[in-house]
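File shown here: data24.csv, holding CSV, C-alpha atoms and all ligand atoms.
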chain,number,residue,atom,x,y,z
A,836,MET,CA,-40.6,266.7,36.6
A,837,LYS,CA,-43.3,268.8,34.8
A,838,LEU,CA,-44.4,267.7,31.3
A,839,HIS,CA,-46.4,270.1,29.1
A,840,LEU,CA,-47.5,269.2,25.6
A,841,ILE,CA,-48.3,271.9,23.1
A,842,SER,CA,-50.9,270.6,20.8
A,843,PHE,CA,-53.3,271.3,17.9
A,844,LYS,CA,-56.5,269.4,18.2
A,845,THR,CA,-56.4,267.6,14.8
A,846,CYS,CA,-52.6,267.1,14.4
A,847,PRO,CA,-51.7,263.4,13.9
A,848,PHE,CA,-48.1,264.0,15.0
A,849,VAL,CA,-49.2,265.4,18.4
A,850,GLN,CA,-51.5,262.5,18.7
A,851,ARG,CA,-48.6,260.1,18.7
A,852,ALA,CA,-47.2,261.7,21.9
A,853,ALA,CA,-50.7,261.9,23.4
A,854,ILE,CA,-51.1,258.1,22.9
A,855,THR,CA,-47.8,257.4,24.6
A,856,LEU,CA,-48.7,259.6,27.5
A,857,LYS,CA,-52.1,257.8,27.9
A,858,GLN,CA,-50.7,254.4,27.4
A,859,LYS,CA,-48.1,254.9,30.1
A,860,ASN,CA,-50.3,256.9,32.3
A,861,VAL,CA,-47.9,259.8,32.6
A,862,ALA,CA,-49.1,263.0,34.3
A,863,HIS,CA,-48.9,266.0,32.0
A,864,GLU,CA,-50.5,269.3,31.0
A,865,ILE,CA,-51.8,270.1,27.5
A,866,THR,CA,-52.2,273.5,25.9
A,867,TYR,CA,-54.0,273.7,22.5
A,868,ILE,CA,-53.0,276.4,20.1
A,869,ASP,CA,-54.5,277.5,16.8
A,870,LEU,CA,-52.0,276.8,14.0
A,871,ALA,CA,-53.7,279.3,11.8
A,872,ASN,CA,-52.9,281.9,14.3
A,873,PRO,CA,-50.0,280.7,16.4
A,874,PRO,CA,-49.2,282.8,19.5
A,875,ASP,CA,-45.8,284.5,19.7
A,876,TRP,CA,-44.7,282.5,22.7
A,877,PHE,CA,-45.2,279.3,20.6
A,878,LEU,CA,-43.2,280.6,17.6
A,879,GLU,CA,-40.4,281.6,20.0
A,880,LEU,CA,-40.1,278.1,21.5
A,881,SER,CA,-40.8,275.9,18.5
A,882,PRO,CA,-37.8,275.9,16.2
A,883,LEU,CA,-39.8,274.8,13.1
A,884,GLY,CA,-43.1,276.5,14.2
A,885,LYS,CA,-44.6,273.1,14.4
A,886,VAL,CA,-46.5,271.0,17.0
A,887,PRO,CA,-45.9,268.8,18.9
A,888,VAL,CA,-43.6,270.5,21.4
A,889,LEU,CA,-43.0,269.0,24.8
A,890,LYS,CA,-41.8,271.2,27.5
A,891,VAL,CA,-39.8,269.3,30.1
A,892,ASP,CA,-39.5,271.6,33.1
A,893,GLY,CA,-37.8,274.6,31.3
A,894,GLU,CA,-36.5,272.6,28.4
A,895,VAL,CA,-38.0,272.2,24.9
A,896,LEU,CA,-38.3,269.0,22.8
A,897,PHE,CA,-39.7,268.9,19.3
A,898,GLU,CA,-40.3,266.2,16.6
A,899,SER,CA,-42.9,263.6,17.5
A,900,ALA,CA,-40.6,260.5,17.1
A,901,VAL,CA,-38.0,262.1,19.4
A,902,ILE,CA,-40.6,263.1,22.0
A,903,ASN,CA,-42.0,259.6,22.0
A,904,GLU,CA,-38.6,257.9,22.6
A,905,TYR,CA,-37.9,260.3,25.4
A,906,LEU,CA,-41.3,259.7,27.0
A,907,ASP,CA,-40.8,256.0,26.8
A,908,GLU,CA,-37.2,256.1,28.1
A,909,ILE,CA,-38.1,258.1,31.2
A,910,THR,CA,-40.9,255.6,32.0
A,911,GLY,CA,-39.2,252.3,31.6
A,912,GLY,CA,-38.4,252.0,27.9
A,913,GLU,CA,-40.7,249.0,27.2
A,914,LEU,CA,-42.2,250.5,24.1
A,915,GLN,CA,-39.0,250.0,22.0
A,916,PRO,CA,-37.4,246.8,20.9
A,917,LYS,CA,-34.2,245.9,22.9
A,918,ASP,CA,-32.5,244.5,19.8
A,919,PRO,CA,-30.6,247.4,18.1
A,920,LEU,CA,-31.4,246.2,14.5
A,921,LEU,CA,-35.1,245.8,15.3
A,922,ARG,CA,-35.1,249.2,17.1
A,923,ALA,CA,-33.5,250.8,14.0
A,924,LYS,CA,-36.0,249.2,11.7
A,925,ASN,CA,-38.9,250.4,13.9
A,926,ARG,CA,-37.5,254.0,13.6
A,927,ALA,CA,-37.4,253.6,9.8
A,928,TRP,CA,-41.1,252.5,9.8
A,929,ILE,CA,-42.0,255.4,12.1
A,930,GLU,CA,-40.5,257.6,9.4
A,931,PHE,CA,-42.5,255.7,6.8
A,932,ALA,CA,-45.7,256.4,8.8
A,933,SER,CA,-44.8,260.1,8.9
A,934,ASN,CA,-44.5,260.0,5.1
A,935,MET,CA,-48.0,258.5,4.9
A,936,LEU,CA,-49.3,261.2,7.1
A,937,GLY,CA,-47.8,263.8,4.7
A,938,ASN,CA,-49.4,262.1,1.7
A,939,SER,CA,-52.7,261.9,3.6
A,940,TYR,CA,-52.6,265.7,4.1
A,941,LEU,CA,-51.8,266.3,0.4
A,942,MET,CA,-54.6,264.0,-0.6
A,943,LYS,CA,-57.2,265.7,1.6
A,944,THR,CA,-56.2,269.2,0.5
A,945,ALA,CA,-55.8,268.5,-3.3
A,946,THR,CA,-58.2,270.6,-5.1
A,947,ASP,CA,-58.5,268.5,-8.3
A,948,LYS,CA,-59.1,264.8,-9.2
A,949,VAL,CA,-55.6,264.3,-10.5
A,950,GLY,CA,-54.0,265.5,-7.3
A,951,TYR,CA,-56.3,263.6,-5.1
A,952,GLU,CA,-55.8,260.3,-7.0
A,953,LYS,CA,-52.1,260.7,-7.0
A,954,TYR,CA,-51.8,260.8,-3.2
A,955,ARG,CA,-54.6,258.3,-2.7
A,956,ASP,CA,-52.8,255.8,-4.9
A,957,LEU,CA,-49.5,256.5,-3.1
A,958,ILE,CA,-51.1,255.8,0.2
A,959,ILE,CA,-52.7,252.6,-1.1
A,960,THR,CA,-49.3,251.4,-2.2
A,961,GLN,CA,-47.9,252.3,1.2
A,962,LEU,CA,-50.7,250.4,3.0
A,963,GLN,CA,-49.8,247.3,0.8
A,964,ARG,CA,-46.2,247.6,1.9
A,965,VAL,CA,-47.3,247.7,5.6
A,966,GLU,CA,-49.5,244.6,4.9
A,967,GLU,CA,-46.3,242.7,3.7
A,968,ARG,CA,-44.4,243.9,6.8
A,969,LEU,CA,-47.0,242.9,9.5
A,970,SER,CA,-46.6,239.7,11.3
A,971,ASP,CA,-49.4,237.5,12.7
A,972,GLY,CA,-49.3,239.1,16.2
A,973,ASP,CA,-51.7,241.8,17.5
A,974,TRP,CA,-49.2,244.7,17.1
A,975,PHE,CA,-46.6,246.0,14.7
A,976,ASN,CA,-43.9,243.9,16.2
A,977,GLY,CA,-46.1,240.9,17.1
A,978,ASP,CA,-47.0,240.5,20.8
A,979,ASP,CA,-45.5,243.8,22.2
A,980,PHE,CA,-47.2,247.1,21.7
A,981,SER,CA,-44.6,249.7,20.7
A,982,LEU,CA,-43.9,253.2,19.5
A,983,ALA,CA,-44.4,252.0,15.9
A,984,ASP,CA,-48.0,251.3,16.8
A,985,THR,CA,-48.4,254.8,18.3
A,986,ALA,CA,-46.9,256.2,15.1
A,987,PHE,CA,-49.4,254.6,12.7
A,988,ALA,CA,-52.6,254.9,14.9
A,989,PRO,CA,-53.3,258.6,14.0
A,990,PHE,CA,-53.4,257.7,10.3
A,991,PHE,CA,-56.0,255.0,11.0
A,992,MET,CA,-58.0,257.4,13.1
A,993,HIS,CA,-58.1,259.9,10.2
A,994,ASN,CA,-58.8,257.1,7.8
A,995,SER,CA,-61.9,256.0,9.8
A,996,VAL,CA,-63.8,259.3,10.3
A,997,ALA,CA,-67.3,259.7,9.0
A,998,ASN,CA,-67.9,255.9,9.3
A,999,ASN,CA,-65.0,255.1,7.1
A,1000,ALA,CA,-66.3,257.3,4.3
A,1001,PHE,CA,-62.7,258.1,3.3
A,1002,SER,CA,-61.1,254.7,4.1
A,1003,LEU,CA,-58.4,253.4,1.8
A,1004,ILE,CA,-58.1,250.0,3.5
A,1005,ASP,CA,-59.4,247.2,1.4
A,1006,PRO,CA,-60.0,244.3,3.9
A,1007,ALA,CA,-59.8,241.7,1.0
A,1008,THR,CA,-56.3,242.7,0.0
A,1009,MET,CA,-55.1,244.1,3.3
A,1010,PRO,CA,-56.5,241.8,6.0
A,1011,LYS,CA,-53.7,242.3,8.5
A,1012,VAL,CA,-53.8,246.1,8.2
A,1013,ASP,CA,-57.5,246.0,8.5
A,1014,ALA,CA,-57.4,244.0,11.7
A,1015,TRP,CA,-54.5,245.9,13.2
A,1016,SER,CA,-56.2,249.3,12.5
A,1017,LYS,CA,-59.4,248.1,14.3
A,1018,ARG,CA,-57.3,246.8,17.2
A,1019,LEU,CA,-55.5,250.2,17.5
A,1020,LEU,CA,-58.7,252.2,17.3
A,1021,ALA,CA,-60.3,250.1,20.0
A,1022,LEU,CA,-57.4,250.8,22.4
A,1023,PRO,CA,-58.4,253.2,25.2
A,1024,ALA,CA,-55.0,255.1,24.9
A,1025,VAL,CA,-55.8,255.7,21.2
A,1026,LYS,CA,-59.5,256.5,21.7
A,1027,HIS,CA,-58.7,259.1,24.4
A,1028,SER,CA,-55.7,260.6,22.6
A,1029,VAL,CA,-57.9,263.2,20.8
A,1030,VAL,CA,-60.5,265.6,22.1
A,1031,PRO,CA,-64.2,264.4,22.1
A,1032,GLU,CA,-65.1,266.7,19.2
A,1033,PHE,CA,-62.2,265.5,17.1
A,1034,GLU,CA,-64.3,264.1,14.3
A,1035,LEU,CA,-66.3,267.2,13.9
A,1036,LEU,CA,-63.2,269.4,13.9
A,1037,TYR,CA,-61.6,267.1,11.3
A,1038,LEU,CA,-64.6,267.4,9.0
A,1039,GLN,CA,-64.7,271.1,9.5
A,1040,ARG,CA,-61.1,271.4,8.6
A,1041,ILE,CA,-61.4,269.5,5.3
A,1042,GLU,CA,-64.5,271.4,4.5
A,1043,LYS,CA,-62.5,274.6,4.9
A,1044,PHE,CA,-60.0,273.4,2.2
A,1045,ASN,CA,-62.9,272.8,-0.1
A,1046,SER,CA,-60.8,270.0,-1.6
A,1047,TYR,CA,-61.7,267.4,-4.2
A,1048,MET,CA,-62.1,264.8,-1.4
A,1049,TRP,CA,-64.5,267.1,0.5
A,1050,GLN,CA,-66.6,267.9,-2.6
A,1051,GLN,CA,-67.0,264.2,-3.3
A,1052,TYR,CA,-68.0,263.5,0.3
A,1053,ALA,CA,-70.5,266.4,0.4
A,1054,ALA,CA,-72.1,265.3,-2.9
A,1055,GLU,CA,-72.3,261.7,-1.6
A,1056,SER,CA,-73.8,262.8,1.7
A,1057,SER,CA,-76.5,265.0,0.1
A,1058,ASN,CA,-77.5,262.1,-2.2
A,1059,HIS,CA,-78.2,260.0,0.8
A,1060,GLY,CA,-80.2,262.8,2.5
B,1101,LIG,N1,-41.9,266.0,11.7
B,1101,LIG,C1,-42.8,266.7,12.6
B,1101,LIG,C2,-44.1,267.1,11.9
B,1101,LIG,C3,-45.0,267.9,12.7
B,1101,LIG,C4,-46.0,268.7,11.9
B,1101,LIG,O1,-46.0,268.7,10.6
B,1101,LIG,N2,-47.0,269.4,12.6
B,1101,LIG,C5,-47.9,270.2,11.8
B,1101,LIG,C6,-49.3,270.0,12.4
B,1101,LIG,S1,-50.0,268.4,12.2
B,1101,LIG,C7,-47.6,271.7,12.1
B,1101,LIG,O2,-47.3,272.1,13.2
B,1101,LIG,N3,-47.6,272.5,11.0
B,1101,LIG,C8,-47.4,273.9,11.2
B,1101,LIG,C9,-46.5,274.5,10.1
B,1101,LIG,O3,-46.0,273.7,9.3
B,1101,LIG,O4,-46.4,275.7,10.1
B,1101,LIG,C10,-43.1,265.7,13.8
B,1101,LIG,O5,-43.1,264.5,13.6
B,1101,LIG,O6,-43.4,266.2,14.9
This entry written out as structure tokens:
Amino acid sequence: MKLHLISFKTCPFVQRAAITLKQKNVAHEITYIDLANPPDWFLELSPLGKVPVLKVDGEVLFESAVINEYLDEITGGELQPKDPLLRAKNRAWIEFASNMLGNSYLMKTATDKVGYEKYRDLIITQLQRVEERLSDGDWFNGDDFSLADTAFAPFFMHNSVANNAFSLIDPATMPKVDAWSKRLLALPAVKHSVVPEFELLYLQRIEKFNSYMWQQYAAESSNHG
């Protein structure tokens, strides 16, 4: 079976599938496209014009959560809880993580302070919810690494760029989230789920938005030489 992931280098949703592929050591090809100028062949095969798309031989799969369940199922299925209720709850939290990624995008592209603070505060409230949900184990469900971990990891990677300059994690009030995010970022499958120049590309992208968040960062960086 031939697996082919269509990607955009800074997309957190594609990164979920990349983590699963790395974690399970699954052979695959990757093609990177420019979302600002998507090729016609991509628009033809992606129903929503979004990445990720996974081509499975001639077939097309889209939506990161669906792609991840499929990748896990064809390779043993150990990244999903066996209990149907826990599995359903995990799906709901994966959707929650998608909502956080949406808020993160709106925060980093907001052009004024009011817009920026609205989404920043929403994300902080969401992180506090996750803090309440986490158990004492290493991963989202405790001892077993799962697709829920792969779904949140991209948020933590974006949150940690530029030496945590944009971080919204308060270790004092969110100690479990803090420890979990560090554990995820240290995992080889997460580290190698993005291209080596990821951080630079991420910063270039938010610079292009010239958003409130970028302006604060640029002012702060120039103050410190
Ligand atoms: N719900 C989708 C979201 C994917 C998504 O929003 N991808 C973004 C890039 S990170 C995209 O392709 N945007 C292009 C567009 O909306 O035109 C998933 O989980 O796969």
*Can you tell me which residues come within 7 Å of ligand LIG 1101 (chain B) when counting only C-alpha atoms and all ligand atoms, ideally as a list in words?*
Phe843, Thr845, Cys846, Pro847, Phe848, Val849, Leu870, Gly884, Lys885, Val886, Pro887, Phe897, Glu898, Ser899, Ala900 and Ser933 of chain A
_When you look at A:Arg1040 with a cut-off of 10 Å (counting all atoms listed in the file), what residues show up, excluding the ones that are within fewer than 3 positions of it in the same chain? I need them as a VMD selection string._
chain A and resid 845 943 to 944 1034 to 1037 1043 to 1045 1049
Limited to C-alpha atoms, could you put the picked residues into a file as a PDB file, in the coordinates of the input?
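Saved result, selection.pdb, follows:
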ATOM      1  CA  THR A 845     -56.400 267.600  14.800  1.00  0.00           C
ATOM      2  CA  LYS A 943     -57.200 265.700   1.600  1.00  0.00           C
ATOM      3  CA  THR A 944     -56.200 269.200   0.500  1.00  0.00           C
ATOM      4  CA  GLU A1034     -64.300 264.100  14.300  1.00  0.00           C
ATOM      5  CA  LEU A1035     -66.300 267.200  13.900  1.00  0.00           C
ATOM      6  CA  LEU A1036     -63.200 269.400  13.900  1.00  0.00           C
ATOM      7  CA  TYR A1037     -61.600 267.100  11.300  1.00  0.00           C
ATOM      8  CA  LYS A1043     -62.500 274.600   4.900  1.00  0.00           C
ATOM      9  CA  PHE A1044     -60.000 273.400   2.200  1.00  0.00           C
ATOM     10  CA  ASN A1045     -62.900 272.800  -0.100  1.00  0.00           C
ATOM     11  CA  TRP A1049     -64.500 267.100   0.500  1.00  0.00           C
TER      12      TRP A1049
END
*Counting all atoms listed in the file, figure out which residue out of A:Asp979, A:Glu1042, A:Asp973, A:Asp907 gets nearest to A:Ala1014.*
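Smallest distance to A:Ala1014 is found for A:Asp973.
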*Distance criterion (only C-alpha atoms): nearest to A:Val1029 out of A:Ala853, A:Leu840, A:Leu878, A:Val891*: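 Going through A:Ala853, A:Leu840, A:Leu878, A:Val891 one by one, the smallest distance to A:Val1029 is for A:Ala853.
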*asked:* As an exercise, work out the distance from atom CA of A:Asn976 to atom CA of A:Leu921 in Å and give it to one decimal place.
replied: 9.0 Å
*asked:* Between A:Ser1028, A:Thr985, A:Ser1002, A:Ser1046, which residue has the minimum interatomic distance to A:Asn925, considering all atoms listed in the file?
replied: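 Among the listed residues, the smallest separation from A:Asn925 belongs to A:Thr985.
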*Residue with smallest distance to A:Glu908 - pool A:Ser1056, A:Ser939, A:Thr855, A:Thr960, counting all atoms listed in the file*: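 Closest candidate: A:Thr855.
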